[in-house]
>>> print(open('run.cif').read())   # mmCIF, C-alpha atoms
data_start
loop_
_atom_site.label_atom_id
_atom_site.label_comp_id
_atom_site.auth_asym_id
_atom_site.auth_seq_id
_atom_site.Cartn_x
_atom_site.Cartn_y
_atom_site.Cartn_z
CA MET X 180 0.00 0.00 0.00
CA LYS X 181 2.85 2.34 0.90
CA TYR X 182 4.49 1.80 -2.48
CA ARG X 183 1.20 2.16 -4.36
CA TRP X 184 0.69 5.55 -2.69
CA LEU X 185 4.25 6.60 -3.52
CA SER X 186 3.74 5.57 -7.15
CA LEU X 187 0.51 7.57 -7.32
CA CYS X 188 2.26 10.65 -5.92
CA LEU X 189 5.03 10.34 -8.50
CA ILE X 190 2.49 10.04 -11.30
CA LEU X 191 0.66 13.16 -10.12
CA LEU X 192 3.87 15.12 -9.78
CA SER X 193 4.97 14.05 -13.22
CA SER X 194 1.59 15.00 -14.68
CA SER X 195 1.63 18.42 -13.02
CA ASN X 196 4.88 19.23 -14.79
CA CYS X 197 3.15 18.61 -18.10
CA ILE X 198 0.04 20.66 -17.37
CA ALA X 199 0.11 23.76 -19.54
CA GLN X 200 1.49 26.73 -17.62
CA TRP X 201 -0.12 29.22 -19.99
CA ASN X 202 -3.05 31.50 -19.20
CA ALA X 203 -5.11 32.54 -22.23
CA GLN X 204 -5.78 36.25 -22.77
CA THR X 205 -8.20 38.03 -25.09
CA PHE X 206 -7.22 40.24 -28.02
CA PRO X 207 -9.93 42.43 -29.62
CA ALA X 208 -9.29 41.23 -33.20
CA GLU X 209 -8.32 38.05 -35.02
CA ALA X 210 -4.85 38.07 -36.53
CA ASP X 211 -1.96 35.66 -36.89
CA PHE X 212 0.73 36.92 -34.53
CA ARG X 213 4.45 36.36 -35.09
CA GLY X 214 5.91 39.53 -33.60
CA LEU X 215 6.16 39.69 -29.79
CA CYS X 216 8.15 41.82 -27.37
CA VAL X 217 7.85 41.88 -23.57
CA VAL X 218 9.10 45.02 -21.86
CA SER X 219 8.11 44.29 -18.26
CA ASP X 220 5.58 42.43 -16.10
CA ARG X 221 2.90 44.85 -17.28
CA VAL X 222 3.96 45.97 -20.77
CA ALA X 223 4.03 43.78 -23.89
CA TRP X 224 3.50 44.31 -27.61
CA VAL X 225 2.39 41.94 -30.41
CA SER X 226 2.19 42.25 -34.20
CA GLY X 227 0.89 40.23 -37.11
CA THR X 228 -1.31 40.00 -40.16
CA LYS X 229 -3.85 42.58 -41.41
CA GLY X 230 -1.56 45.35 -40.21
CA THR X 231 -2.26 44.37 -36.62
CA VAL X 232 -0.25 45.77 -33.72
CA GLY X 233 -1.37 45.38 -30.12
CA ARG X 234 -0.25 46.44 -26.66
CA THR X 235 -1.01 45.77 -23.03
CA ILE X 236 0.07 47.97 -20.13
CA ASP X 237 -1.69 46.03 -17.37
CA GLY X 238 -0.10 42.60 -17.64
CA GLY X 239 -2.53 41.41 -20.28
CA LYS X 240 -5.80 42.07 -18.46
CA THR X 241 -6.63 44.22 -21.46
CA TRP X 242 -5.09 44.32 -24.92
CA VAL X 243 -5.64 47.27 -27.25
CA ARG X 244 -5.40 47.07 -31.02
CA LEU X 245 -3.39 49.94 -32.47
CA THR X 246 -3.77 51.39 -35.95
CA VAL X 247 -0.80 51.87 -38.25
CA PRO X 248 -1.93 54.18 -41.08
CA ASP X 249 -2.20 52.63 -44.57
CA ALA X 250 -0.91 49.30 -43.27
CA ASP X 251 -4.02 47.11 -43.13
CA GLN X 252 -2.64 44.81 -45.85
CA LEU X 253 0.78 44.41 -44.25
CA ASP X 254 2.09 41.50 -42.22
CA PHE X 255 4.06 42.75 -39.20
CA ARG X 256 6.35 39.82 -38.40
CA ASP X 257 8.52 41.59 -35.81
CA ILE X 258 8.05 44.22 -33.13
CA GLU X 259 10.74 45.65 -30.84
CA ALA X 260 9.58 47.76 -27.89
CA PHE X 261 11.36 49.73 -25.16
CA SER X 262 8.50 51.07 -23.05
CA GLU X 263 4.73 51.46 -23.08
CA THR X 264 5.20 54.36 -25.51
CA THR X 265 8.07 53.43 -27.83
CA ALA X 266 8.17 50.55 -30.32
CA TYR X 267 9.33 49.64 -33.83
CA ALA X 268 7.25 47.40 -36.12
CA LEU X 269 8.63 45.60 -39.18
CA SER X 270 6.47 44.30 -42.01
CA ILE X 271 7.69 41.66 -44.43
CA GLY X 272 7.30 41.15 -48.14
CA PRO X 273 9.00 41.77 -51.44
CA GLY X 274 9.96 45.27 -52.45
CA PRO X 275 7.94 48.05 -50.78
CA ASP X 276 6.05 45.70 -48.46
CA SER X 277 9.18 45.46 -46.29
CA ARG X 278 8.85 48.49 -44.00
CA ILE X 279 9.79 49.79 -40.57
CA TYR X 280 7.46 52.01 -38.54
CA LYS X 281 8.07 53.64 -35.16
CA THR X 282 5.78 55.04 -32.46
CA THR X 283 6.80 57.15 -29.48
CA ASP X 284 3.31 57.83 -28.14
CA GLY X 285 2.01 54.35 -27.41
CA GLY X 286 0.72 53.72 -30.93
CA ALA X 287 -1.42 56.86 -31.22
CA SER X 288 0.72 57.79 -34.22
CA TRP X 289 3.34 56.01 -36.33
CA LYS X 290 6.15 57.25 -38.53
CA LEU X 291 7.24 55.29 -41.59
CA GLN X 292 11.02 55.22 -41.16
CA PHE X 293 12.02 52.82 -43.91
CA GLN X 294 10.41 51.38 -47.05
CA ASN X 295 12.38 48.92 -49.13
CA ALA X 296 13.08 49.99 -52.71
CA GLU X 297 15.01 46.90 -53.85
CA LYS X 298 12.92 44.27 -55.60
CA ASP X 299 15.20 41.43 -54.46
CA ALA X 300 15.30 42.44 -50.79
CA PHE X 301 12.94 40.84 -48.28
CA TYR X 302 13.37 41.88 -44.65
CA ASP X 303 12.76 39.18 -42.04
CA ALA X 304 13.48 40.62 -38.59
CA MET X 305 14.93 43.44 -36.48
CA ALA X 306 17.12 43.50 -33.37
CA PHE X 307 18.28 46.33 -31.10
CA TRP X 308 20.96 46.82 -28.47
CA ASP X 309 19.14 49.92 -27.22
CA GLU X 310 16.50 52.29 -28.50
CA ALA X 311 18.96 54.09 -30.79
CA HIS X 312 21.07 51.26 -32.21
CA GLY X 313 19.63 48.39 -34.20
CA LEU X 314 19.76 46.16 -37.28
CA ALA X 315 17.32 44.64 -39.74
CA LEU X 316 18.04 41.54 -41.79
CA SER X 317 17.07 40.87 -45.42
CA ASP X 318 17.33 37.63 -47.35
CA PRO X 319 20.29 37.55 -49.74
CA VAL X 320 20.65 40.23 -52.39
CA GLY X 321 23.32 39.57 -54.99
CA GLY X 322 24.49 36.48 -53.13
CA ALA X 323 24.88 38.02 -49.66
CA TYR X 324 22.60 38.85 -46.76
CA ARG X 325 21.60 42.49 -46.56
CA ILE X 326 21.98 44.31 -43.23
CA LEU X 327 20.11 47.55 -42.57
CA ALA X 328 21.40 49.63 -39.65
CA THR X 329 20.46 52.66 -37.57
CA ASN X 330 22.35 54.47 -34.83
CA ASP X 331 19.92 57.33 -34.27
CA GLY X 332 16.67 55.69 -33.25
CA GLY X 333 15.60 55.00 -36.81
CA ALA X 334 15.76 58.60 -38.02
CA ASN X 335 18.10 57.15 -40.61
CA TRP X 336 18.31 53.56 -41.81
CA SER X 337 21.08 52.62 -44.25
CA VAL X 338 22.47 49.47 -45.80
CA ALA X 339 25.55 48.54 -43.80
CA ARG X 340 28.83 48.12 -45.62
CA CYS X 341 29.82 44.96 -43.85
CA ALA X 342 32.03 41.96 -44.42
CA MET X 343 29.49 39.19 -44.93
CA PRO X 344 30.11 35.55 -45.97
CA LYS X 345 28.34 34.54 -49.17
CA ALA X 346 24.92 32.95 -48.94
CA LEU X 347 24.46 29.36 -50.06
CA ALA X 348 22.19 28.40 -52.93
CA ASP X 349 18.51 28.66 -51.88
CA GLU X 350 19.48 29.83 -48.37
CA GLY X 351 17.42 32.38 -46.47
CA ALA X 352 16.14 33.43 -43.07
CA PHE X 353 12.69 32.57 -41.71
CA ALA X 354 10.37 35.44 -40.75
CA ALA X 355 8.54 33.16 -38.34
CA SER X 356 8.90 34.73 -34.89
CA GLY X 357 11.03 37.84 -35.13
CA THR X 358 13.91 35.91 -33.54
CA CYS X 359 15.93 34.63 -36.48
CA LEU X 360 18.00 37.78 -35.74
CA ILE X 361 18.95 38.88 -32.23
CA ALA X 362 21.27 41.41 -30.56
CA THR X 363 22.98 40.54 -27.28
CA GLY X 364 25.27 42.37 -24.88
CA THR X 365 26.44 45.71 -26.26
CA LYS X 366 27.88 44.64 -29.63
CA GLU X 367 26.96 41.02 -30.40
CA ALA X 368 24.51 40.06 -33.15
CA TRP X 369 23.38 36.66 -34.41
CA PHE X 370 21.12 35.33 -37.15
CA VAL X 371 20.18 31.84 -38.26
CA THR X 372 19.24 30.44 -41.65
CA GLY X 373 17.81 27.50 -43.55
CA GLY X 374 16.39 26.52 -46.89
CA GLY X 375 19.79 25.72 -48.36
CA PRO X 376 21.91 22.60 -47.93
CA PHE X 377 22.83 23.55 -44.34
CA ALA X 378 21.25 25.44 -41.46
CA ARG X 379 23.81 28.04 -40.44
CA VAL X 380 24.43 30.63 -37.75
CA PHE X 381 26.01 34.01 -38.49
CA HIS X 382 27.72 36.08 -35.79
CA SER X 383 29.04 39.63 -35.45
CA SER X 384 30.92 41.00 -32.44
CA ASP X 385 31.11 44.60 -33.71
CA ARG X 386 27.48 45.62 -34.26
CA GLY X 387 27.19 44.10 -37.69
CA GLN X 388 30.34 45.38 -39.36
CA ASN X 389 31.98 41.97 -39.73
CA TRP X 390 30.34 38.55 -39.77
CA THR X 391 31.47 34.96 -39.47
CA VAL X 392 29.39 31.85 -40.18
CA GLN X 393 29.32 28.20 -39.19
CA ASP X 394 27.14 25.19 -39.85
CA THR X 395 24.71 23.93 -37.23
CA PRO X 396 23.51 20.34 -36.67
CA ILE X 397 19.92 21.36 -37.46
CA ARG X 398 18.56 19.71 -40.57
CA ALA X 399 17.90 21.71 -43.71
CA GLY X 400 18.11 20.78 -47.39
CA VAL X 401 14.60 21.89 -48.38
CA ALA X 402 12.98 25.30 -48.56
CA SER X 403 10.83 24.71 -45.46
CA ALA X 404 13.56 23.47 -43.11
CA GLY X 405 16.40 24.95 -41.11
CA ALA X 406 17.09 27.11 -38.07
CA PHE X 407 14.22 29.45 -37.14
CA SER X 408 15.06 31.07 -33.79
CA ILE X 409 18.09 31.78 -31.62
CA ALA X 410 18.35 32.93 -27.99
CA PHE X 411 21.03 33.29 -25.30
CA ARG X 412 20.58 33.11 -21.54
CA ASP X 413 24.08 34.60 -20.93
CA ASP X 414 27.25 35.16 -22.92
CA LYS X 415 28.06 31.44 -23.00
CA HIS X 416 24.79 29.51 -23.18
CA GLY X 417 22.50 29.67 -26.19
CA LEU X 418 19.93 27.67 -28.12
CA ILE X 419 18.84 27.42 -31.74
CA VAL X 420 15.54 25.76 -32.66
CA GLY X 421 13.92 24.95 -35.97
CA GLY X 422 13.00 21.96 -38.09
CA ASP X 423 10.64 21.68 -41.05
CA TYR X 424 7.48 23.78 -40.77
CA ARG X 425 5.76 21.57 -43.33
CA LYS X 426 6.30 18.63 -40.97
CA PRO X 427 5.35 20.19 -37.61
CA ASP X 428 5.30 16.91 -35.68
CA ALA X 429 8.55 15.48 -37.03
CA SER X 430 11.47 15.42 -34.59
CA GLY X 431 15.20 14.88 -34.88
CA ALA X 432 17.91 17.49 -35.59
CA THR X 433 15.62 20.38 -34.68
CA ALA X 434 17.67 22.08 -31.94
CA ALA X 435 21.28 22.88 -31.09
CA LEU X 436 22.97 24.08 -27.90
CA THR X 437 26.14 26.08 -27.22
CA ILE X 438 27.94 26.38 -23.89
CA ASP X 439 30.96 28.28 -25.22
CA GLY X 440 29.43 31.47 -26.59
CA GLY X 441 28.66 30.07 -30.01
CA LYS X 442 32.09 28.67 -30.84
CA THR X 443 30.53 25.22 -31.14
CA TRP X 444 26.95 23.97 -31.42
CA THR X 445 25.83 20.51 -30.28
CA ALA X 446 22.68 18.75 -31.42
CA VAL X 447 20.05 18.43 -28.70
CA ALA X 448 19.68 14.73 -27.98
CA ASP X 449 16.09 14.92 -26.68
CA ALA X 450 14.55 15.67 -30.06
CA LEU X 451 11.87 18.35 -30.29
CA PRO X 452 9.23 18.69 -32.99
CA PHE X 453 9.39 21.79 -35.21
CA ARG X 454 9.83 24.91 -33.10
CA SER X 455 9.80 28.49 -34.41
CA GLY X 456 10.62 30.34 -31.17
CA VAL X 457 12.76 29.87 -28.08
CA ALA X 458 13.36 32.03 -25.01
CA TRP X 459 14.96 31.91 -21.55
CA THR X 460 12.64 32.67 -18.63
CA GLY X 461 15.41 33.28 -16.13
CA LYS X 462 15.04 29.72 -14.83
CA GLU X 463 14.32 27.54 -17.86
CA TRP X 464 14.04 27.41 -21.63
CA ILE X 465 10.67 27.56 -23.39
CA ALA X 466 10.30 26.52 -27.04
CA VAL X 467 7.10 27.02 -29.03
CA GLY X 468 5.82 25.91 -32.42
CA THR X 469 2.80 24.85 -34.40
CA SER X 470 2.46 21.57 -32.47
CA GLY X 471 2.79 23.01 -28.97
CA SER X 472 5.35 24.11 -26.39
CA HIS X 473 8.15 22.46 -24.40
CA VAL X 474 10.20 23.40 -21.33
CA SER X 475 13.78 22.53 -20.36
CA LYS X 476 16.13 23.39 -17.50
CA ASP X 477 19.33 22.67 -19.40
CA GLY X 478 18.38 22.83 -23.08
CA MET X 479 19.01 19.12 -23.53
CA ALA X 480 16.11 17.34 -21.76
CA TRP X 481 12.66 18.64 -22.70
CA ALA X 482 9.13 18.10 -21.33
CA GLU X 483 5.95 18.86 -23.23
CA LEU X 484 3.77 21.66 -21.83
CA ASP X 485 0.85 21.67 -24.25
CA ARG X 486 -0.13 21.26 -27.88
CA GLU X 487 -1.37 24.78 -28.54
CA ASN X 488 -0.25 26.29 -31.84
CA GLY X 489 2.18 29.12 -31.12
CA ASN X 490 4.65 31.10 -33.22
CA ALA X 491 6.62 33.36 -30.87
CA VAL X 492 7.69 33.46 -27.23
CA TYR X 493 9.36 36.26 -25.28
CA PHE X 494 10.33 36.84 -21.64
CA ALA X 495 11.32 39.99 -19.81
CA LYS X 496 14.32 39.98 -17.46
CA SER X 497 11.86 39.69 -14.58
CA GLY X 498 10.80 36.27 -15.84
CA ARG X 499 7.37 37.39 -17.02
CA GLY X 500 6.58 36.19 -20.51
CA TRP X 501 4.00 35.61 -23.22
CA ARG X 502 3.40 33.39 -26.23
CA ALA X 503 1.67 34.57 -29.41
CA GLY X 504 0.27 32.64 -32.35
CA PRO X 505 -2.42 32.27 -35.00
CA LYS X 506 -6.05 33.39 -34.74
CA GLY X 507 -5.27 36.00 -32.10
CA LEU X 508 -3.62 33.57 -29.69
CA ILE X 509 -2.01 35.30 -26.70
CA THR X 510 -1.08 33.36 -23.57
CA ARG X 511 0.82 34.50 -20.52
CA TRP X 512 3.30 32.28 -18.66
CA LYS X 513 1.77 31.32 -15.33
#
>>> encode(input="run.cif", output="C-alpha cells")
Amino acid sequence: MKYRWLSLCLILLSSSNCIAQWNAQTFPAEADFRGLCVVSDRVAWVSGTKGTVGRTIDGGKTWVRLTVPDADQLDFRDIEAFSETTAYALSIGPGPDSRIYKTTDGGASWKLQFQNAEKDAFYDAMAFWDEAHGLALSDPVGGAYRILATNDGGANWSVARCAMPKALADEGAFAASGTCLIATGTKEAWFVTGGGPFARVFHSSDRGQNWTVQDTPIRAGVASAGAFSIAFRDDKHGLIVGGDYRKPDASGATAALTIDGGKTWTAVADALPFRSGVAWTGKEWIAVGTSGSHVSKDGMAWAELDRENGNAVYFAKSGRGWRAGPKGLITRWK
C-alpha cells in the first residue's frame, strides 16, 4: 500500500509538470501573430497580419489594437519595444512591403522610417541593443545577406557596408517569430538560416560590421527546413531551434545548444518537434511551435507543456513572458 501511494504521488507530480502553464488572454481582433516583445511584467507588444499591432500595459488584463496608417494589408512579423510608448514594427514582403514604422506615443501615431526599394530584398526581422542602435536583416541580395542599420533611433536607416560571408544556394532566413535575428550584450549580433543545404548561424561581435558563419547540426536541405530562432541566456549559453514547418510533428535534428558562446553547437539529444521560437525565462528554456510548447532546464532534456499552436515566445528579465500565435492567440506564462 505504501508503495502504491508513492507511485501515485510520482504520477501526479509528473503529470503536473506537463500541465500547460499558460493563461489565455483576449485580443480584440483576429490576426496571426508572429511579432512579440515583452518590456516588463505589465507591458508587452504583439504584431501580425492585417496590419495588426497590439499592446497591453496592465499585464494582459486588457489588450488594445493599435492602428498603423495605410498598413491594413501588411504582415508585421517583428516588433521591438522599449516602453509602453516606444516601439518599432517591421512588415515583411517583397519590395515596398518590407517596411519599418516607429511610435513614441504608445501607438497613437506612427512614422514610416524605412520602405524597401530593392525588388530582391525581403526583410525578415529586427534587433536592437538599445533604443537608438539596431539592425534589420534581409534575405540575400546579390548572393549576400543584406543588413540595414540605424544608430539614431531609426531617423536614418542605411544598408551597412559589412564583411558578410556569401549565402548558399537557396538559403534564407525565416520570418517566423522575429527571432531569427537577435542582438545581445552591447555589440553582439546573431542570425540563423535554412532553406539551403545547411542550417547556419552568423555572428558579429562589432554591431554588424563583420560577420562569421558556421554550420549547425539542425537539418535543412529543403525550402521549409532549417534554423528558425536563436536565444542566449548569458554570454556562453545559447539555443537554436527549428526543423521543417511543413512537418510540424517530425522530430530529430531540430535544436542545437552552445555552452561556449557560439564557438561550437551541439545537437540536442532529446529531439523536439518543429519549433519556431525559443526564449529563456530566467530559470528555464521555453520553445514554441505549431504543435505546442516544451520546457527545459538545461536545453538538452525537454518536457511537453501543451499542444497549442504558437509562433513566438518572449520573456522579460523579470521572468514574465508571453506566447503569441495564430487566430489571435495570446497566452501568458503562469
>>> residues_around(input="run.cif", residues="Leu316 (chain X)", least_positions_apart="4", cutoff="10 Å", atoms="all atoms listed in the file", output="PDB file with C-alpha atoms, in the frame of the given file")
ATOM      1  CA  ALA X 300      15.300  42.440 -50.790  1.00  0.00           C
ATOM      2  CA  PHE X 301      12.940  40.840 -48.280  1.00  0.00           C
ATOM      3  CA  TYR X 302      13.370  41.880 -44.650  1.00  0.00           C
ATOM      4  CA  ASP X 303      12.760  39.180 -42.040  1.00  0.00           C
ATOM      5  CA  ALA X 304      13.480  40.620 -38.590  1.00  0.00           C
ATOM      6  CA  MET X 305      14.930  43.440 -36.480  1.00  0.00           C
ATOM      7  CA  ALA X 306      17.120  43.500 -33.370  1.00  0.00           C
ATOM      8  CA  TYR X 324      22.600  38.850 -46.760  1.00  0.00           C
ATOM      9  CA  ARG X 325      21.600  42.490 -46.560  1.00  0.00           C
ATOM     10  CA  ILE X 326      21.980  44.310 -43.230  1.00  0.00           C
ATOM     11  CA  LEU X 327      20.110  47.550 -42.570  1.00  0.00           C
ATOM     12  CA  ALA X 328      21.400  49.630 -39.650  1.00  0.00           C
ATOM     13  CA  VAL X 338      22.470  49.470 -45.800  1.00  0.00           C
ATOM     14  CA  ALA X 352      16.140  33.430 -43.070  1.00  0.00           C
ATOM     15  CA  ALA X 354      10.370  35.440 -40.750  1.00  0.00           C
ATOM     16  CA  CYS X 359      15.930  34.630 -36.480  1.00  0.00           C
ATOM     17  CA  LEU X 360      18.000  37.780 -35.740  1.00  0.00           C
ATOM     18  CA  ILE X 361      18.950  38.880 -32.230  1.00  0.00           C
ATOM     19  CA  PHE X 370      21.120  35.330 -37.150  1.00  0.00           C
TER      20      PHE X 370
END
>>> resolve_selection(input="run.cif", expression="the PyMOL selection byres ((chain X and resi 371) around 10)", output="count of residues only")
28
>>> atom_distance(input="run.cif", atom1="CA of Ala482 (chain X)", atom2="CA of Asp449 (chain X)")
9.3 Å
>>> residues_around(input="run.cif", residues="Thr283 (chain X)", least_positions_apart="2", cutoff="8 Å", atoms="all atoms listed in the file", output="PDB file with C-alpha atoms, keeping the file's coordinate frame")
ATOM      1  CA  THR X 264       5.200  54.360 -25.510  1.00  0.00           C
ATOM      2  CA  THR X 265       8.070  53.430 -27.830  1.00  0.00           C
ATOM      3  CA  ALA X 266       8.170  50.550 -30.320  1.00  0.00           C
ATOM      4  CA  LYS X 281       8.070  53.640 -35.160  1.00  0.00           C
ATOM      5  CA  GLY X 285       2.010  54.350 -27.410  1.00  0.00           C
ATOM      6  CA  GLY X 286       0.720  53.720 -30.930  1.00  0.00           C
ATOM      7  CA  SER X 288       0.720  57.790 -34.220  1.00  0.00           C
ATOM      8  CA  TRP X 289       3.340  56.010 -36.330  1.00  0.00           C
TER       9      TRP X 289
END
>>> atom_distance(input="run.cif", atom1="CA of Thr235 (chain X)", atom2="CA of Leu253 (chain X)")
21.3 Å
>>> resolve_selection(input="run.cif", expression="the PyMOL selection byres ((chain X and resi 308) around 8)", output="ChimeraX atom specification")
/X:306-307,309-313,362-366
